[in-house]
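For reference, my_file.cif is printed below; it contains mmCIF, C-alpha atoms.
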data_coords
loop_
_atom_site.label_atom_id
_atom_site.label_comp_id
_atom_site.auth_asym_id
_atom_site.auth_seq_id
_atom_site.Cartn_x
_atom_site.Cartn_y
_atom_site.Cartn_z
CA MET A 9 -11.18 164.21 125.52
CA VAL A 10 -7.63 163.00 126.08
CA SER A 11 -4.84 165.50 125.46
CA ALA A 12 -2.48 165.36 122.52
CA SER A 13 1.10 164.18 122.45
CA SER A 14 2.91 164.25 125.77
CA PHE A 15 5.74 166.06 123.98
CA GLN A 16 3.75 169.25 123.73
CA ILE A 17 5.51 171.10 126.51
CA ASP A 18 6.35 174.72 125.91
CA LEU A 19 9.66 175.98 127.23
CA PRO A 20 10.71 179.52 128.02
CA ALA A 21 13.07 180.85 125.37
CA THR A 22 15.51 181.84 128.11
CA LEU A 23 15.92 178.20 129.12
CA ILE A 24 16.88 177.23 125.58
CA GLU A 25 19.26 180.17 125.34
CA ARG A 26 20.95 179.03 128.53
CA VAL A 27 21.44 175.55 127.08
CA LYS A 28 22.89 177.13 123.93
CA SER A 29 25.42 178.91 126.08
CA GLY A 30 26.47 175.57 127.58
CA ASP A 31 24.56 175.69 130.87
CA ALA A 32 24.27 172.03 131.92
CA SER A 33 21.77 172.79 134.69
CA ALA A 34 19.41 174.31 132.10
CA PHE A 35 19.81 171.20 130.00
CA GLU A 36 19.00 169.07 133.04
CA ALA A 37 15.78 171.06 133.47
CA ILE A 38 14.85 170.29 129.87
CA TYR A 39 15.88 166.67 130.26
CA ARG A 40 13.66 166.24 133.31
CA ARG A 41 10.65 167.56 131.44
CA PHE A 42 11.14 165.43 128.37
CA GLU A 43 12.63 162.25 129.81
CA ARG A 44 9.35 160.37 129.92
CA PRO A 45 7.93 161.51 126.58
CA VAL A 46 11.17 160.58 124.81
CA TYR A 47 11.50 157.27 126.62
CA THR A 48 7.85 156.40 126.05
CA LEU A 49 8.06 157.11 122.32
CA ALA A 50 11.20 154.98 122.03
CA LEU A 51 9.70 152.19 124.10
CA ARG A 52 6.47 152.08 122.09
CA MET A 53 8.39 151.98 118.84
CA LEU A 54 11.13 149.55 119.84
CA GLY A 55 9.30 147.41 122.38
CA ASP A 56 12.47 146.90 124.38
CA THR A 57 13.52 148.74 127.54
CA GLU A 58 17.26 148.59 126.90
CA ALA A 59 16.93 149.82 123.34
CA ALA A 60 14.59 152.56 124.55
CA ARG A 61 17.14 153.65 127.16
CA ASP A 62 19.85 153.83 124.52
CA ALA A 63 17.57 155.84 122.27
CA LEU A 64 16.75 158.19 125.16
CA HIS A 65 20.43 158.79 125.90
CA ASP A 66 21.43 159.30 122.30
CA ALA A 67 18.48 161.53 121.50
CA MET A 68 19.13 163.77 124.49
CA LEU A 69 22.84 163.92 123.81
CA LYS A 70 22.22 164.88 120.19
CA ALA A 71 19.72 167.51 121.26
CA PHE A 72 22.34 169.03 123.54
CA GLN A 73 25.06 168.88 120.91
CA ARG A 74 22.84 170.36 118.19
CA ILE A 75 20.99 172.92 120.22
CA ALA A 76 22.81 175.69 118.33
CA GLN A 77 21.01 174.52 115.18
CA PHE A 78 17.63 175.06 116.79
CA ARG A 79 16.40 178.43 115.52
CA GLY A 80 13.04 178.50 117.21
CA ASP A 81 10.91 178.53 114.06
CA ALA A 82 9.25 175.33 115.26
CA PRO A 83 8.50 174.52 118.90
CA PHE A 84 11.36 172.91 120.77
CA TRP A 85 9.25 169.86 121.58
CA ALA A 86 8.66 169.13 117.88
CA TRP A 87 12.38 169.46 117.22
CA LEU A 88 13.28 167.11 120.06
CA ARG A 89 10.55 164.66 119.08
CA GLN A 90 12.01 164.47 115.59
CA ILE A 91 15.40 163.59 117.03
CA ALA A 92 13.85 160.95 119.30
CA MET A 93 11.82 159.44 116.47
CA ASN A 94 14.86 159.28 114.23
CA GLU A 95 16.89 157.59 116.95
CA ALA A 96 14.21 154.94 117.34
CA LEU A 97 13.79 154.51 113.59
CA MET A 98 17.53 154.12 113.14
CA ARG A 99 17.47 151.27 115.63
CA LEU A 100 14.46 149.72 113.94
CA ARG A 101 16.24 149.81 110.60
CA SER A 102 19.53 148.46 111.79
CA GLY A 103 18.07 145.66 113.90
CA GLU A 104 16.06 142.60 113.09
CA ARG A 105 12.89 144.23 114.28
CA PHE A 106 12.40 145.95 110.97
CA VAL A 107 12.81 142.79 108.93
CA VAL A 108 10.56 140.75 111.16
CA SER A 109 7.93 143.44 111.07
CA MET A 110 8.00 143.71 107.33
CA GLU A 111 7.32 140.03 107.03
CA SER A 112 4.59 140.09 109.63
CA ALA A 113 2.92 136.96 108.41
CA GLY A 114 -0.47 135.98 109.65
CA ILE A 115 -1.95 139.46 109.69
CA ASP A 116 -4.69 139.94 107.17
CA ASP A 117 -6.04 143.16 105.78
CA ASP A 118 -9.65 142.49 106.63
CA THR A 119 -11.15 145.34 108.49
CA LEU A 120 -14.11 145.00 110.75
CA ALA A 121 -17.33 146.91 110.39
CA ASP A 122 -17.11 150.50 111.58
CA ASP A 123 -19.94 149.99 114.02
CA ALA A 124 -18.24 147.11 115.81
CA PRO A 125 -17.71 147.89 119.51
CA ALA A 126 -14.16 149.06 120.13
CA PRO A 127 -12.51 146.58 122.48
CA TRP A 128 -9.94 149.16 123.59
CA ALA A 129 -12.78 151.17 125.09
CA HIS A 130 -13.18 148.53 127.76
CA ALA A 131 -9.61 147.31 128.03
CA ASP A 132 -7.51 148.49 130.93
CA ALA A 133 -4.11 150.05 130.33
CA ARG A 134 -2.25 146.86 131.10
CA ALA A 135 -4.25 144.82 128.60
CA LEU A 136 -3.82 147.47 125.91
CA GLU A 137 -0.07 147.70 126.55
CA HIS A 138 0.18 143.91 126.42
CA ALA A 139 -1.66 143.81 123.11
CA LEU A 140 0.48 146.62 121.72
CA ALA A 141 3.62 144.74 122.68
CA GLN A 142 2.53 141.81 120.57
CA LEU A 143 2.38 143.83 117.37
CA PRO A 144 5.36 143.88 115.02
CA ALA A 145 7.58 146.86 115.83
CA VAL A 146 6.96 148.71 112.58
CA THR A 147 3.20 148.24 112.79
CA ARG A 148 3.20 149.42 116.39
CA SER A 149 5.37 152.39 115.46
CA VAL A 150 2.98 153.45 112.72
CA LEU A 151 0.01 153.17 115.10
CA TRP A 152 1.79 155.21 117.72
CA LEU A 153 3.14 157.90 115.40
CA TYR A 154 -0.24 158.31 113.74
CA HIS A 155 -2.61 158.14 116.69
CA VAL A 156 -0.56 159.51 119.55
CA GLU A 157 2.00 161.81 117.97
CA GLY A 158 -0.32 163.02 115.23
CA PHE A 159 1.97 162.46 112.27
CA THR A 160 0.30 162.16 108.88
CA HIS A 161 0.69 159.13 106.61
CA PRO A 162 3.02 161.00 104.21
CA GLU A 163 5.17 162.09 107.17
CA ILE A 164 5.36 158.55 108.53
CA ALA A 165 6.09 157.18 105.06
CA ALA A 166 8.93 159.65 104.57
CA ALA A 167 10.43 158.88 107.96
CA MET A 168 10.30 155.15 107.29
CA ARG A 169 11.38 155.50 103.66
CA LYS A 170 8.20 153.73 102.61
CA SER A 171 5.14 154.64 100.59
CA THR A 172 2.07 156.33 101.98
CA SER A 173 0.06 153.22 101.23
CA PHE A 174 2.52 151.24 103.34
CA SER A 175 1.78 153.50 106.29
CA LYS A 176 -1.96 153.20 105.70
CA SER A 177 -1.88 149.44 105.41
CA GLN A 178 0.23 149.09 108.55
CA LEU A 179 -2.28 151.24 110.40
CA ALA A 180 -5.20 149.12 109.17
CA ARG A 181 -3.41 145.88 109.99
CA GLY A 182 -2.37 147.09 113.40
CA THR A 183 -5.88 148.23 114.24
CA THR A 184 -7.37 144.92 113.14
CA ARG A 185 -4.76 142.97 115.05
CA LEU A 186 -5.32 145.01 118.19
CA ARG A 187 -9.06 144.34 118.00
CA THR A 188 -8.36 140.64 117.77
CA LEU A 189 -5.85 140.64 120.58
CA LEU A 190 -8.14 142.57 122.89
CA ASP A 191 -11.24 140.59 122.03
CA PRO A 192 -10.30 136.92 121.68
CA GLU A 193 -13.85 136.08 120.65
CA LEU A 194 -13.16 137.78 117.32
CA GLU A 195 -10.33 135.35 116.70
CA ALA A 196 -12.55 132.41 117.59
CA VAL A 197 -15.32 133.33 115.17
CA PRO A 198 -13.88 131.64 112.06
CA CYS A 199 -13.51 128.35 113.95
CA LEU A 200 -17.16 128.40 114.99
CA ALA A 201 -18.51 129.28 111.58
CA PRO A 202 -20.38 126.40 109.94
CA THR A 203 -18.58 124.74 107.08
CA ALA A 204 -20.24 124.79 103.72
CA MET B 11 -23.68 151.45 121.57
CA SER B 12 -22.54 153.19 124.77
CA SER B 13 -20.35 156.28 124.78
CA ALA B 14 -17.46 154.12 126.00
CA ASP B 15 -17.73 152.09 122.81
CA ARG B 16 -17.05 155.21 120.82
CA VAL B 17 -13.64 155.76 122.39
CA THR B 18 -11.24 155.90 119.49
CA LEU B 19 -8.04 153.93 119.38
CA GLY B 20 -6.09 157.18 119.45
CA GLU B 21 -7.82 158.26 122.64
CA ALA B 22 -7.18 154.89 124.24
CA LEU B 23 -3.49 154.99 123.28
CA ARG B 24 -3.02 158.57 124.42
CA ALA B 25 -4.58 157.66 127.76
CA LEU B 26 -1.85 155.12 128.47
CA PRO B 27 0.49 156.27 131.24
CA LEU B 28 3.91 157.55 130.29
CA ALA B 29 6.67 155.03 130.79
CA ALA B 30 9.64 155.88 133.00
CA PRO B 31 13.16 154.59 132.42
CA PRO B 32 14.34 152.12 135.04
CA GLY B 33 17.14 154.07 136.71
CA ASP B 34 18.59 157.53 137.20
CA GLU B 35 19.27 158.15 133.56
CA TRP B 36 20.22 161.78 134.09
CA ALA B 37 23.21 160.77 136.22
CA LEU B 38 24.43 158.50 133.43
CA LEU B 39 23.79 161.08 130.76
CA ARG B 40 25.56 163.80 132.75
CA GLU B 41 28.62 161.56 133.03
CA ARG B 42 28.54 161.03 129.30
CA LEU B 43 28.23 164.75 128.66
CA LEU B 44 31.18 165.48 130.94
CA ARG B 45 33.21 162.75 129.26
CA GLU B 46 32.51 164.15 125.83
CA ARG B 47 33.30 167.68 126.96
CA SER B 48 36.65 166.59 128.37
CA HIS B 49 37.55 164.93 125.07
CA PRO B 50 37.20 167.71 122.53
CA VAL B 51 38.36 165.40 119.78
CA GLN B 52 34.90 163.87 119.90
CA SER B 53 33.33 167.16 119.04
CA ARG B 54 35.06 167.20 115.69
CA PRO B 55 32.97 166.24 112.70
CA PRO B 56 32.49 162.49 112.49
CA ALA B 57 34.99 160.58 110.43
CA TRP B 58 32.54 159.96 107.62
CA ARG B 59 32.02 163.69 107.18
CA ARG B 60 35.75 164.40 107.20
CA TYR B 61 36.77 161.70 104.76
CA ALA B 62 33.98 159.75 103.19
CA LEU B 63 31.88 162.58 101.89
CA PRO B 64 34.61 164.65 100.24
CA ALA B 65 35.90 161.51 98.61
CA ALA B 66 32.44 160.43 97.64
CA LEU B 67 31.65 163.85 96.28
CA ALA B 68 34.80 163.87 94.20
CA ALA B 69 34.24 160.40 92.86
CA ALA B 70 30.53 160.21 92.49
CA LEU B 71 28.84 163.58 92.34
CA ALA B 72 30.07 164.36 88.90
CA GLY B 73 27.99 161.48 87.61
CA ALA B 74 25.10 162.05 89.94
CA PHE B 75 24.81 165.70 88.99
CA VAL B 76 24.61 164.84 85.34
CA ILE B 77 21.50 162.87 86.19
CA LEU B 78 20.16 165.38 88.63
CA ARG B 79 21.18 168.63 86.96
CA PRO B 80 18.43 171.15 87.55
CA SER B 81 16.67 172.74 84.65
CA PRO B 82 18.11 176.08 83.55
CA ALA B 83 17.03 179.09 85.55
CA PRO B 84 14.17 181.06 84.07
CA ALA B 85 15.02 184.25 82.26
CA PRO B 86 15.43 187.26 84.56
CA ALA B 87 12.29 189.20 85.18
CA THR B 88 11.74 192.06 82.81
CA VAL B 89 10.87 194.48 85.60
CA ALA B 90 14.58 195.31 85.94
CA HIS B 91 14.70 196.53 82.39
CA VAL B 92 11.56 198.54 82.96
CA ALA B 93 13.14 200.12 86.04
CA ALA B 94 16.27 201.18 84.21
CA SER B 95 14.70 202.60 81.10
CA SER B 96 11.41 204.18 81.93
CA SER B 97 11.49 205.46 85.45
CA SER B 98 13.33 208.39 86.86
CA ASN B 99 11.33 208.33 90.05
CA GLY B 100 13.49 207.01 92.90
CA THR B 101 10.61 205.60 94.91
CA GLN B 102 9.17 203.82 91.96
CA ALA B 103 12.57 202.42 91.12
CA ALA B 104 12.98 201.18 94.67
CA GLN B 105 9.57 199.53 94.54
CA ILE B 106 10.45 197.86 91.30
CA HIS B 107 13.78 196.81 92.71
CA ASN B 108 12.03 195.27 95.71
CA ALA B 109 9.60 193.52 93.42
CA GLN B 110 12.51 192.18 91.42
CA ASN B 111 14.22 190.94 94.58
CA ALA B 112 11.03 189.26 95.72
CA ALA B 113 10.60 187.64 92.33
CA ASN B 114 14.21 186.47 92.35
CA GLN B 115 13.83 185.05 95.83
CA GLY B 116 10.64 183.31 94.78
CA ASP B 117 12.44 181.86 91.77
CA ARG B 118 15.33 180.76 93.95
CA LEU B 119 12.97 179.10 96.41
CA ALA B 120 11.12 177.33 93.61
CA GLN B 121 14.43 176.11 92.18
CA LEU B 122 15.53 174.76 95.54
CA GLN B 123 12.21 173.00 96.03
CA GLN B 124 12.40 171.49 92.55
CA ARG B 125 15.93 170.32 93.18
CA SER B 126 14.91 168.86 96.51
CA GLN B 127 12.08 166.96 94.83
CA ALA B 128 14.38 165.71 92.07
CA LEU B 129 16.92 164.47 94.59
CA GLU B 130 14.27 162.76 96.69
CA ARG B 131 12.78 161.15 93.59
CA TRP B 132 16.20 159.91 92.52
CA LEU B 133 16.95 158.55 95.99
CA ARG B 134 13.63 156.72 95.99
CA GLN B 135 14.13 155.28 92.53
CA THR B 136 17.70 154.13 93.08
CA GLY B 137 17.05 152.95 96.62
CA ARG B 138 15.73 149.65 95.37
CA ASP B 139 18.85 148.95 93.32
CA ALA B 140 21.47 150.31 95.68
CA ALA B 141 23.51 147.89 97.77
CA PRO B 142 22.47 147.95 101.42
CA LEU B 143 24.54 150.43 103.39
CA GLN B 144 26.78 148.92 106.01
CA GLY B 145 28.68 150.13 109.02
CA GLN B 146 30.04 153.63 108.60
CA ASP B 147 27.92 154.35 105.52
CA LEU B 148 24.77 153.29 107.33
CA ALA B 149 25.62 155.54 110.26
CA ALA B 150 26.38 158.39 107.90
CA ALA B 151 23.10 157.95 106.02
CA ALA B 152 21.16 157.79 109.28
CA GLU B 153 22.89 160.94 110.49
CA ILE B 154 22.07 162.81 107.30
CA GLU B 155 18.44 161.65 107.40
CA ASN B 156 18.33 162.80 110.98
CA LEU B 157 19.44 166.26 109.97
CA ILE B 158 16.96 166.36 107.08
CA GLY B 159 14.20 165.50 109.54
CA LEU B 160 15.23 168.41 111.74
CA VAL B 161 15.18 170.79 108.80
CA ASP B 162 11.69 169.51 107.94
CA VAL B 163 10.53 170.26 111.46
CA GLU B 164 11.69 173.84 111.06
CA LEU B 165 10.17 174.10 107.59
CA ALA B 166 6.82 172.89 108.88
CA ALA B 167 6.62 175.75 111.34
CA PRO B 168 3.99 178.40 110.68
CA ARG B 169 5.17 181.88 109.68
CA GLN B 170 8.37 180.50 108.26
CA THR B 171 10.75 183.36 107.54
CA ARG B 172 13.91 181.44 106.77
CA ALA B 173 12.54 179.17 104.08
CA PRO B 174 15.27 179.81 101.46
CA ALA B 175 18.07 179.08 103.93
CA LEU B 176 16.31 175.97 105.18
CA TRP B 177 15.59 174.70 101.67
CA GLN B 178 19.21 175.36 100.75
CA ARG B 179 20.30 173.29 103.73
CA ARG B 180 17.83 170.53 102.84
CA VAL B 181 19.18 170.35 99.30
CA GLY B 182 22.73 170.24 100.62
CA LEU B 183 21.90 167.33 102.90
CA LEU B 184 20.08 165.48 100.14
CA GLU B 185 23.15 165.93 97.94
CA ASP B 186 25.29 164.45 100.71
CA LEU B 187 22.91 161.51 100.89
CA ALA B 188 22.87 161.15 97.11
CA ALA B 189 26.67 161.09 97.08
CA LEU B 190 26.69 158.40 99.71
CA ARG B 191 24.07 156.28 98.00
CA TYR B 192 25.35 156.94 94.51
CA SER B 193 28.55 155.04 95.14
CA ASN B 194 26.55 152.13 96.46
CA TYR B 195 24.24 152.39 93.51
CA ARG B 196 27.19 152.19 91.15
CA LEU B 197 28.60 149.29 93.10
CA ALA B 198 25.32 147.43 92.90
CA ALA B 199 25.08 148.21 89.22
CA GLY B 200 28.55 146.84 88.56
CA GLY B 201 30.31 150.21 88.51
CA GLN B 202 33.86 150.67 89.70
CA VAL B 203 33.56 153.93 91.54
CA ALA B 204 32.92 152.88 95.09
CA ALA B 205 36.04 150.85 95.71
CA SER B 206 38.26 153.86 95.19
CA TRP B 207 36.85 155.90 98.06
CA GLN B 208 35.57 153.41 100.56
CA ILE B 209 37.11 154.19 103.96
CA ASP B 210 37.04 151.88 106.94
#
As structure tokens, how would this structure be written, given the file I've shared?
Amino acid sequence: MVSASSFQIDLPATLIERVKSGDASAFEAIYRRFERPVYTLALRMLGDTEAARDALHDAMLKAFQRIAQFRGDAPFWAWLRQIAMNEALMRLRSGERFVVSMESAGIDDDTLADDAPAPWAHADARALEHALAQLPAVTRSVLWLYHVEGFTHPEIAAAMRKSTSFSKSQLARGTTRLRTLLDPELEAVPCLAPTA
Amino acid sequence: MSSADRVTLGEALRALPLAAPPGDEWALLRERLLRERSHPVQSRPPAWRRYALPAALAAALAGAFVILRPSPAPAPATVAHVAASSSSNGTQAAQIHNAQNAANQGDRLAQLQQRSQALERWLRQTGRDAAPLQGQDLAAAAEIENLIGLVDVELAAPRQTRAPALWQRRVGLLEDLAALRYSNYRLAAGGQVAASWQID
């Protein structure tokens, strides 16, 4: 069984208190632990290394500036993840990625039979990353937030200012598209089917 | 079907290696932190919060609150009356007083949650008609949504002990957002409110 979100790193309360008191070395310690989870989330959502770097910087800077608002009711990692997700979503909304994704033509809603072999089971990481990169940014973001970060459809819908059914349909479309991208034979089937 | 075939998409995605940024991002971030620390002016509230929101509140909230005015508070619990008239026992009075406080807090929490729902509903309904936010307004809206998301993270925590304060903050942020969007809503609907407070 693969572990849950890479964000789930518990920090000692003393470390957070040190950051609250303005200790930059304590913040560096936190940064080092969360650099990759934050960058990975941004990269998966935005699909662009430069945009992901910007999101990483801004998310970390905001975390530092707002650390006084963190009361410790929720884990720090969930708090930071929310900042990182919002940074990425803000960039999705303000850029063309969001528009393009919303119009993602050519993706149908047909879902394959549940017992179909899962092509991702046999795909290596590079192939899966390549297929992911070909999805529209919003679709990919929904897949990632749902499957990897464990957000629910209502939570994703609220973050994206969309309906729950939008989140569900993006997940279904993304899953179908990934199957097709990872198993080109699926795409070829309609062409081989006999004409009536 | 082999066991490998039963690997879920979530498992496959979670198994992907973490990506690393290309350079020494900490060095760059540290420079930025130092820069911002040496320019305290940047730690002041953003311009939109200093100017746009008060103006927007003055110009737009009056109208928005007419739409969004919460329903009147329920009548005070009768336990207070019971405490004053029928009990001379101090302990019993204290218990009743505590019960009254708890009931009042529960009422307050319910009111805040209702108001939060009403504001969210209104934002959803008017979102389709509102003019798209641009520039400073867009940044302001994103900032407010950011803060709402952070409050939601805290609210989602188990054993929440600060729910009323957090709900109060959530409502306040939603009101900020409503004020911001209301002016755009009026502008889109042909109103004349927005032009008077728009700040570039």
Which residues of chain B sit at most 7 Å from chain A, using all atoms listed in the file? Give each one's shortest atom pair and distance in Å (one decimal place), in chain and ascending residue order, as JSON lines.
{"residue": "B:Ala14", "atom": "CA", "partner": "A:Ala129", "partner_atom": "CA", "distance": 5.6}
{"residue": "B:Asp15", "atom": "CA", "partner": "A:Pro125", "partner_atom": "CA", "distance": 5.3}
{"residue": "B:Arg16", "atom": "CA", "partner": "A:Ala126", "partner_atom": "CA", "distance": 6.8}
{"residue": "B:Val17", "atom": "CA", "partner": "A:Ala129", "partner_atom": "CA", "distance": 5.4}
{"residue": "B:Leu19", "atom": "CA", "partner": "A:Trp128", "partner_atom": "CA", "distance": 6.6}
{"residue": "B:Gly20", "atom": "CA", "partner": "A:His155", "partner_atom": "CA", "distance": 4.5}
{"residue": "B:Glu21", "atom": "CA", "partner": "A:Val10", "partner_atom": "CA", "distance": 5.9}
{"residue": "B:Ala22", "atom": "CA", "partner": "A:Trp128", "partner_atom": "CA", "distance": 6.4}
{"residue": "B:Leu23", "atom": "CA", "partner": "A:Val156", "partner_atom": "CA", "distance": 6.6}
{"residue": "B:Arg24", "atom": "CA", "partner": "A:Val156", "partner_atom": "CA", "distance": 5.5}
{"residue": "B:Ala25", "atom": "CA", "partner": "A:Val10", "partner_atom": "CA", "distance": 6.4}
{"residue": "B:Leu26", "atom": "CA", "partner": "A:Ala133", "partner_atom": "CA", "distance": 5.9}
{"residue": "B:Leu28", "atom": "CA", "partner": "A:Thr48", "partner_atom": "CA", "distance": 5.9}
{"residue": "B:Ala29", "atom": "CA", "partner": "A:Thr48", "partner_atom": "CA", "distance": 5.1}
{"residue": "B:Ala30", "atom": "CA", "partner": "A:Arg44", "partner_atom": "CA", "distance": 5.5}
{"residue": "B:Pro31", "atom": "CA", "partner": "A:Tyr47", "partner_atom": "CA", "distance": 6.6}
{"residue": "B:Leu39", "atom": "CA", "partner": "A:His65", "partner_atom": "CA", "distance": 6.3}
{"residue": "B:Ala152", "atom": "CA", "partner": "A:Met98", "partner_atom": "CA", "distance": 6.4}
{"residue": "B:Asn156", "atom": "CA", "partner": "A:Asn94", "partner_atom": "CA", "distance": 5.9}
{"residue": "B:Gly159", "atom": "CA", "partner": "A:Gln90", "partner_atom": "CA", "distance": 6.5}
{"residue": "B:Leu160", "atom": "CA", "partner": "A:Trp87", "partner_atom": "CA", "distance": 6.3}
{"residue": "B:Val163", "atom": "CA", "partner": "A:Trp87", "partner_atom": "CA", "distance": 6.1}
{"residue": "B:Glu164", "atom": "CA", "partner": "A:Ala82", "partner_atom": "CA", "distance": 5.1}
{"residue": "B:Ala167", "atom": "CA", "partner": "A:Ala82", "partner_atom": "CA", "distance": 4.7}
{"residue": "B:Gln170", "atom": "CA", "partner": "A:Asp81", "partner_atom": "CA", "distance": 6.6}
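Of the residues under consideration (B:Gly182, B:Pro27, B:Pro174, B:Gly33), B:Gly182 shows the shortest atom-to-atom contact distance to B:Ile158 when counting only C-alpha atoms.
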When you draw a straight line from atom CA of B:Leu43 to atom CA of A:Thr22, how long is it in Å? 21.3 Å
What does the distance between atom CA of A:Trp85 and atom CA of A:Leu54 come to in Å, to one decimal place? 20.5 Å
Which neighbours of B:Leu183 fall inside 9 Å, counting only C-alpha atoms, when residues of the same chain fewer than 5 positions from it are skipped, and could you give them as a PyMOL selection string? chain B and resi 154-155+157-158+178+188
For the atom pair atom CA of A:Asp56 and atom CA of B:Ala150, what is the interatomic distance in Å to one decimal place? 24.4 Å
Step by step, work through what the PyMOL selection byres ((chain B and resi 126) around 8) selects in the shown file, and finish by giving those residues as an MDAnalysis selection string. chainID B and resid 122:125 127:130 177 180:181 184
